[in-house]
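**Q** This is the structure I want to talk about, given as structure tokens.
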Amino acid sequence: MKYANSVLDLIGNTPLVKLNKVTAGLEATVLVKLEYLNPGGSAKDRIAVKMLDEAAREGKIKPGGTVVEPTSGNTGVAMAMVAQQRGYKCVFVVPDKVGVDKRAVLAAYGAEVVVTPTAVAADSPQSYYGVSDRLVTEIPGAYKPDQFSNPNGPLSHYETTGPEVWRDTEGKLTHFVAGVGTGGTITGTGRFLREVSAHRAEADGGEVQIIGADPEGSVYSGGTGRPYLVEGVGEDIWPDSYDPSVPHKIIAVSDNDAFAMTRRLAREEGLLVGGSSGMAVVAALEVAKGLGAGSVVVVLLPDSGRGYLGKIFDDAWMQSYGFLKVTDEPAIGDVLK
Ligand code: PMP
């Protein structure tokens with residue numbers, strides 16, 4: 001019989017699939033890593049199990065304890081799943097720009113959700129960082145994993161995501177592209193891939209080039225943290241979970257381009273993914289433009305599009321922000337007109 005002993009054993013080992021349509025005209029091979037196939041639905045499953053199990057090993061949380069975390073949703077889902085398996089309660093603090101669907105998923109796992117305003121400074125007591133800091137001191141037995149400072153976040157990607165990409169491409173990838181939120185994905189995966197390819201011959205591609213994708217306005221690409229709408233990526237502060245020496249390059253992507261590509265991935269590649277995935281693919285195609293046939297670009301797609309049906313995939317929402325230009329192309333939802 002082939003089965004896993006627990007849902008947590010199904011985390012990781014996500015597949016790579018080649019992009020065939022949105023890459024028209026490009027010579028390089030562009031492969032996407034489907035993190036939405038993790039059991040909690042995102043790349044965050046990897047960091048959640050690593051952070052909570054290390055905390056338990058160090059005695060920072062015990063069965064019956066409470067996990068408190070500021071999270072844009074995916075980390076919450078992942079922690080809620082791990083917490084359920086390990087016997088912890090959960091309280092999550094989310095900014096109000098996070099979709100209702102994502103919040104409902106957290107509640108479905110039995111977690112408590114506290115919503116905070118997006119339009120306040122990061123150091124304000126009302127910010128999602130400020131509120132979670134207060135809750136962790138008020139709730140007895142509470143533990144805040146803090147994905148923005150916890151070294152086990154990047155470490156989980158160093159131990160799993162990086163080796164998987166190297167193994168599945170048989171050491172042939174030349175470029176790795178990922179969006180930057182906490183920076184854990186790019187820091188851990190990028191560090192592993194750089195190390196393992198550091199002495200690879202130039203003829204075989206040399207050192208793997210690590211490219212971060214960032215929303216226009218975020219600090220990683222030189223912005224000040226101006227609000228953008230793509231969720232899960234970009235920052236207005238520099239967190240410890242991000243090591244800026246790992247990426248060779250950061251590419252800024254507008255919300256408009258990220259969302260347009262997110263919709264194309266569903267319609268042209270059959271990949272229903274979130275806005276940060278579209279953003280990463282925009283950056284990857286920009287990189288791939290200058291590359292020849294021997295190049296292999298791997299792009300990490302962090303989550304599914306299901307949490308964004310009322311936003312990126314909703315024509316009225318897109319038009320309200322001026323994203324969806326009126327064209328002759330039929331829009332989603334126009335089928336019956
Ligand atoms: N995309 C989404 C949807 C996310 O939730 C996150 C995590 N914040 C990221 C991308 C970025 O990943 P990381 O935090 O590892 O930089």
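Residue numbering restarts at 1 in every chain; chains get A, B, ... in the order shown in the structure tokens, and ligands count up from 1 in that same order.
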Check region 152-281 of chain A with DSSP on the backbone and list each residue it calls helix (DSSP H, G or I), as a PDB file with C-alpha atoms, in the first residue's frame.
**A**
ATOM      1  CA  ASN A 152      14.433  28.116  10.159  1.00  0.00           C
ATOM      2  CA  GLY A 153      12.329  29.741   7.405  1.00  0.00           C
ATOM      3  CA  PRO A 154      15.215  30.221   4.941  1.00  0.00           C
ATOM      4  CA  LEU A 155      16.795  27.026   6.281  1.00  0.00           C
ATOM      5  CA  SER A 156      13.762  24.949   5.272  1.00  0.00           C
ATOM      6  CA  HIS A 157      14.208  26.152   1.684  1.00  0.00           C
ATOM      7  CA  TYR A 158      17.953  25.504   1.873  1.00  0.00           C
ATOM      8  CA  GLU A 159      17.214  21.931   2.972  1.00  0.00           C
ATOM      9  CA  THR A 160      14.266  21.115   0.683  1.00  0.00           C
ATOM     10  CA  THR A 161      13.417  23.545  -2.160  1.00  0.00           C
ATOM     11  CA  GLY A 162      17.006  24.044  -3.314  1.00  0.00           C
ATOM     12  CA  PRO A 163      17.946  20.333  -3.408  1.00  0.00           C
ATOM     13  CA  GLU A 164      14.652  19.462  -5.158  1.00  0.00           C
ATOM     14  CA  VAL A 165      15.255  21.994  -7.943  1.00  0.00           C
ATOM     15  CA  TRP A 166      18.850  20.830  -8.395  1.00  0.00           C
ATOM     16  CA  ARG A 167      17.826  17.155  -8.387  1.00  0.00           C
ATOM     17  CA  ASP A 168      14.863  17.560 -10.757  1.00  0.00           C
ATOM     18  CA  GLY A 184      13.024  33.175   2.995  1.00  0.00           C
ATOM     19  CA  THR A 185      12.461  31.397  -0.322  1.00  0.00           C
ATOM     20  CA  ILE A 186      15.094  33.261  -2.293  1.00  0.00           C
ATOM     21  CA  THR A 187      17.595  33.298   0.582  1.00  0.00           C
ATOM     22  CA  GLY A 188      17.435  29.566   1.359  1.00  0.00           C
ATOM     23  CA  THR A 189      16.907  28.181  -2.137  1.00  0.00           C
ATOM     24  CA  GLY A 190      19.316  30.661  -3.712  1.00  0.00           C
ATOM     25  CA  ARG A 191      22.034  30.006  -1.144  1.00  0.00           C
ATOM     26  CA  PHE A 192      21.853  26.237  -1.755  1.00  0.00           C
ATOM     27  CA  LEU A 193      21.846  26.610  -5.541  1.00  0.00           C
ATOM     28  CA  ARG A 194      24.777  29.030  -5.507  1.00  0.00           C
ATOM     29  CA  GLU A 195      26.811  26.727  -3.274  1.00  0.00           C
ATOM     30  CA  VAL A 196      26.105  23.578  -5.236  1.00  0.00           C
ATOM     31  CA  SER A 197      26.908  25.244  -8.584  1.00  0.00           C
ATOM     32  CA  GLU A 202      31.199  27.907 -17.531  1.00  0.00           C
ATOM     33  CA  ALA A 203      30.339  25.514 -20.383  1.00  0.00           C
ATOM     34  CA  ASP A 204      27.780  23.848 -18.110  1.00  0.00           C
ATOM     35  CA  VAL A 219      12.153  48.218  -0.577  1.00  0.00           C
ATOM     36  CA  TYR A 220      13.908  45.262  -2.235  1.00  0.00           C
ATOM     37  CA  SER A 221      13.886  47.009  -5.606  1.00  0.00           C
ATOM     38  CA  ASP A 255       0.811  45.188 -10.333  1.00  0.00           C
ATOM     39  CA  ASN A 256      -0.609  45.576 -13.830  1.00  0.00           C
ATOM     40  CA  ASP A 257       1.992  43.303 -15.438  1.00  0.00           C
ATOM     41  CA  ALA A 258       1.877  40.799 -12.569  1.00  0.00           C
ATOM     42  CA  PHE A 259      -1.921  40.479 -12.719  1.00  0.00           C
ATOM     43  CA  ALA A 260      -2.070  40.322 -16.529  1.00  0.00           C
ATOM     44  CA  MET A 261       0.447  37.448 -16.471  1.00  0.00           C
ATOM     45  CA  THR A 262      -1.437  35.700 -13.646  1.00  0.00           C
ATOM     46  CA  ARG A 263      -4.534  35.619 -15.864  1.00  0.00           C
ATOM     47  CA  ARG A 264      -2.529  34.416 -18.874  1.00  0.00           C
ATOM     48  CA  LEU A 265      -1.062  31.538 -16.835  1.00  0.00           C
ATOM     49  CA  ALA A 266      -4.607  30.273 -16.149  1.00  0.00           C
ATOM     50  CA  ARG A 267      -5.874  30.728 -19.704  1.00  0.00           C
ATOM     51  CA  GLU A 268      -2.817  29.767 -21.685  1.00  0.00           C
ATOM     52  CA  GLU A 269      -0.969  27.297 -19.465  1.00  0.00           C
ATOM     53  CA  GLY A 275      -0.512  37.208  -8.251  1.00  0.00           C
ATOM     54  CA  SER A 276       2.987  36.717  -6.868  1.00  0.00           C
ATOM     55  CA  SER A 277       3.360  33.776  -9.268  1.00  0.00           C
ATOM     56  CA  GLY A 278       2.411  36.006 -12.199  1.00  0.00           C
ATOM     57  CA  MET A 279       4.894  38.572 -10.914  1.00  0.00           C
ATOM     58  CA  ALA A 280       7.708  35.992 -10.745  1.00  0.00           C
ATOM     59  CA  VAL A 281       6.942  34.778 -14.272  1.00  0.00           C
TER      60      VAL A 281
END
**Q** Among region 96-191 of chain A, which residues carry a DSSP assignment of strand (DSSP E or B), reported as a ChimeraX atom specification?
**A** /A:112-116,142-143,175-179
**Q** Save the residues we just selected, C-alpha atoms, as a PDB file, in the first residue's frame?
**A**
ATOM      1  CA  GLU A 112      -8.716  32.774  15.180  1.00  0.00           C
ATOM      2  CA  VAL A 113      -8.151  35.666  12.731  1.00  0.00           C
ATOM      3  CA  VAL A 114      -7.455  39.295  13.752  1.00  0.00           C
ATOM      4  CA  VAL A 115      -7.635  41.886  10.925  1.00  0.00           C
ATOM      5  CA  THR A 116      -5.471  45.060  11.006  1.00  0.00           C
ATOM      6  CA  ALA A 142       1.919  31.704  23.276  1.00  0.00           C
ATOM      7  CA  TYR A 143       4.779  31.413  20.820  1.00  0.00           C
ATOM      8  CA  HIS A 175      18.692  30.689 -13.384  1.00  0.00           C
ATOM      9  CA  PHE A 176      16.354  30.602 -10.393  1.00  0.00           C
ATOM     10  CA  VAL A 177      13.603  33.212 -10.025  1.00  0.00           C
ATOM     11  CA  ALA A 178      11.369  33.775  -6.981  1.00  0.00           C
ATOM     12  CA  GLY A 179       9.293  36.597  -5.555  1.00  0.00           C
TER      13      GLY A 179
END
**Q** Extract, using only C-alpha atoms, all DNA, RNA and protein residues at most 10 Å from Val98 (chain A), discarding same-chain residues fewer than 2 positions from it, and format them as a list of chain:residue names.
**A**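 Once the adjacent positions are removed, what remains is A:Thr71, A:Ser72, A:Gly73, A:Val94, A:Pro95, A:Asp96, A:Val100, A:Asp101, A:Lys102, A:Arg103, A:Val115, A:Thr116, A:Thr118, A:Leu229, A:Val230, A:Glu231, A:Gly232, A:Gly307, A:Tyr308.
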**Q** May I have the selected residues written with N, CA and C atoms, as a PDB file, in the first residue's frame?
**A**
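Generated output (selection18.pdb):
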ATOM      1  N   THR A  71       0.503  37.207   9.427  1.00  0.00           N
ATOM      2  CA  THR A  71       0.686  36.455   8.185  1.00  0.00           C
ATOM      3  C   THR A  71      -0.288  36.898   7.116  1.00  0.00           C
ATOM      4  N   SER A  72       0.164  36.861   5.875  1.00  0.00           N
ATOM      5  CA  SER A  72      -0.697  37.260   4.754  1.00  0.00           C
ATOM      6  C   SER A  72      -1.628  36.123   4.353  1.00  0.00           C
ATOM      7  N   GLY A  73      -1.674  35.091   5.145  1.00  0.00           N
ATOM      8  CA  GLY A  73      -2.632  34.025   4.842  1.00  0.00           C
ATOM      9  C   GLY A  73      -1.984  32.674   4.634  1.00  0.00           C
ATOM     10  N   VAL A  94      -3.782  39.444  10.306  1.00  0.00           N
ATOM     11  CA  VAL A  94      -3.634  39.674   8.865  1.00  0.00           C
ATOM     12  C   VAL A  94      -3.974  41.117   8.498  1.00  0.00           C
ATOM     13  N   PRO A  95      -3.273  41.714   7.517  1.00  0.00           N
ATOM     14  CA  PRO A  95      -3.642  43.051   7.059  1.00  0.00           C
ATOM     15  C   PRO A  95      -4.948  42.997   6.264  1.00  0.00           C
ATOM     16  N   ASP A  96      -5.693  44.116   6.280  1.00  0.00           N
ATOM     17  CA  ASP A  96      -7.036  44.098   5.669  1.00  0.00           C
ATOM     18  C   ASP A  96      -7.031  43.928   4.154  1.00  0.00           C
ATOM     19  N   VAL A 100     -10.873  37.944   1.573  1.00  0.00           N
ATOM     20  CA  VAL A 100     -11.802  37.282   2.492  1.00  0.00           C
ATOM     21  C   VAL A 100     -11.663  35.759   2.376  1.00  0.00           C
ATOM     22  N   ASP A 101     -11.432  35.285   1.155  1.00  0.00           N
ATOM     23  CA  ASP A 101     -11.318  33.833   0.946  1.00  0.00           C
ATOM     24  C   ASP A 101     -10.172  33.260   1.771  1.00  0.00           C
ATOM     25  N   LYS A 102      -9.050  33.966   1.768  1.00  0.00           N
ATOM     26  CA  LYS A 102      -7.879  33.487   2.506  1.00  0.00           C
ATOM     27  C   LYS A 102      -8.156  33.450   4.003  1.00  0.00           C
ATOM     28  N   ARG A 103      -8.848  34.476   4.499  1.00  0.00           N
ATOM     29  CA  ARG A 103      -9.166  34.514   5.932  1.00  0.00           C
ATOM     30  C   ARG A 103     -10.090  33.364   6.294  1.00  0.00           C
ATOM     31  N   VAL A 115      -7.912  41.083  12.119  1.00  0.00           N
ATOM     32  CA  VAL A 115      -7.635  41.886  10.925  1.00  0.00           C
ATOM     33  C   VAL A 115      -7.139  43.281  11.315  1.00  0.00           C
ATOM     34  N   THR A 116      -6.057  43.744  10.691  1.00  0.00           N
ATOM     35  CA  THR A 116      -5.471  45.060  11.006  1.00  0.00           C
ATOM     36  C   THR A 116      -5.386  45.918   9.739  1.00  0.00           C
ATOM     37  N   THR A 118      -3.997  48.112   6.630  1.00  0.00           N
ATOM     38  CA  THR A 118      -2.770  48.116   5.819  1.00  0.00           C
ATOM     39  C   THR A 118      -2.117  49.501   5.853  1.00  0.00           C
ATOM     40  N   LEU A 229      -0.673  46.115  -4.792  1.00  0.00           N
ATOM     41  CA  LEU A 229      -1.791  45.214  -4.516  1.00  0.00           C
ATOM     42  C   LEU A 229      -1.433  43.739  -4.559  1.00  0.00           C
ATOM     43  N   VAL A 230      -0.329  43.396  -5.187  1.00  0.00           N
ATOM     44  CA  VAL A 230       0.050  41.983  -5.233  1.00  0.00           C
ATOM     45  C   VAL A 230       0.334  41.522  -3.792  1.00  0.00           C
ATOM     46  N   GLU A 231      -0.185  40.351  -3.443  1.00  0.00           N
ATOM     47  CA  GLU A 231      -0.126  39.889  -2.042  1.00  0.00           C
ATOM     48  C   GLU A 231       1.033  38.922  -1.789  1.00  0.00           C
ATOM     49  N   GLY A 232       1.608  39.016  -0.605  1.00  0.00           N
ATOM     50  CA  GLY A 232       2.612  38.042  -0.162  1.00  0.00           C
ATOM     51  C   GLY A 232       4.041  38.416  -0.483  1.00  0.00           C
ATOM     52  N   GLY A 307      -7.426  31.677  -4.041  1.00  0.00           N
ATOM     53  CA  GLY A 307      -7.599  32.723  -3.030  1.00  0.00           C
ATOM     54  C   GLY A 307      -7.789  34.105  -3.632  1.00  0.00           C
ATOM     55  N   TYR A 308      -7.784  34.211  -4.963  1.00  0.00           N
ATOM     56  CA  TYR A 308      -7.820  35.519  -5.623  1.00  0.00           C
ATOM     57  C   TYR A 308      -8.956  35.621  -6.641  1.00  0.00           C
TER      58      TYR A 308
END
**Q** What's the 7 Å shell around Val180 (chain A), counting only C-alpha atoms, without same-chain residues fewer than 2 positions away, as a short mmCIF file (atom, residue, chain, number, x, y, z; two decimals) with C-alpha atoms, in the first residue's frame?
**A**
data_model
loop_
_atom_site.label_atom_id
_atom_site.label_comp_id
_atom_site.auth_asym_id
_atom_site.auth_seq_id
_atom_site.Cartn_x
_atom_site.Cartn_y
_atom_site.Cartn_z
CA ALA A 178 11.37 33.77 -6.98
CA THR A 182 10.01 37.60 3.87
CA GLY A 183 12.88 36.69 1.54
CA ILE A 186 15.09 33.26 -2.29
CA GLY A 212 14.40 38.13 -7.08
CA ALA A 213 11.07 39.53 -8.28
CA ASP A 214 9.63 42.43 -6.31
CA VAL A 233 5.58 39.83 -1.71
CA GLY A 234 7.38 43.14 -1.25
#
**Q** With distances taken over only C-alpha atoms and all ligand atoms, which of A:Val296, A:Leu8, A:Val49, A:Val273 is nearest to ligand 1?
**A** A:Val273
**Q** Rank nothing, just name the residue among A:Gly12, A:Pro151, A:Gly171, A:Pro63 nearest to Glu35 (chain A), using only C-alpha atoms.
**A**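 Distance minimum relative to Glu35 (chain A) lands on A:Gly12.
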**Q** Can you pull out the residues contacting Leu34 (chain A)? Cut-off 10 Å, using only C-alpha atoms, and skip same-chain residues under 6 positions away; I want them as a list of chain:residue names.
**A**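 Here the qualifying residues turn out to be A:Gly12, A:Asn13, A:Thr14, A:Pro15, A:Leu16, A:Val17, A:Gly41, A:Ser42, A:Ala43, A:Leu271, A:Val273, A:Ser277, A:Val299, A:Leu300, A:Leu301, A:Pro302, A:Asp303, A:Ser304.
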**Q** Find the residue from A:Pro117, A:Gly322, A:Pro239, A:Pro215 that sits nearest to Gln147 (chain A); use only C-alpha atoms when measuring.
**A**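 When distances to Gln147 (chain A) are compared using only C-alpha atoms, the smallest one comes from A:Pro239.
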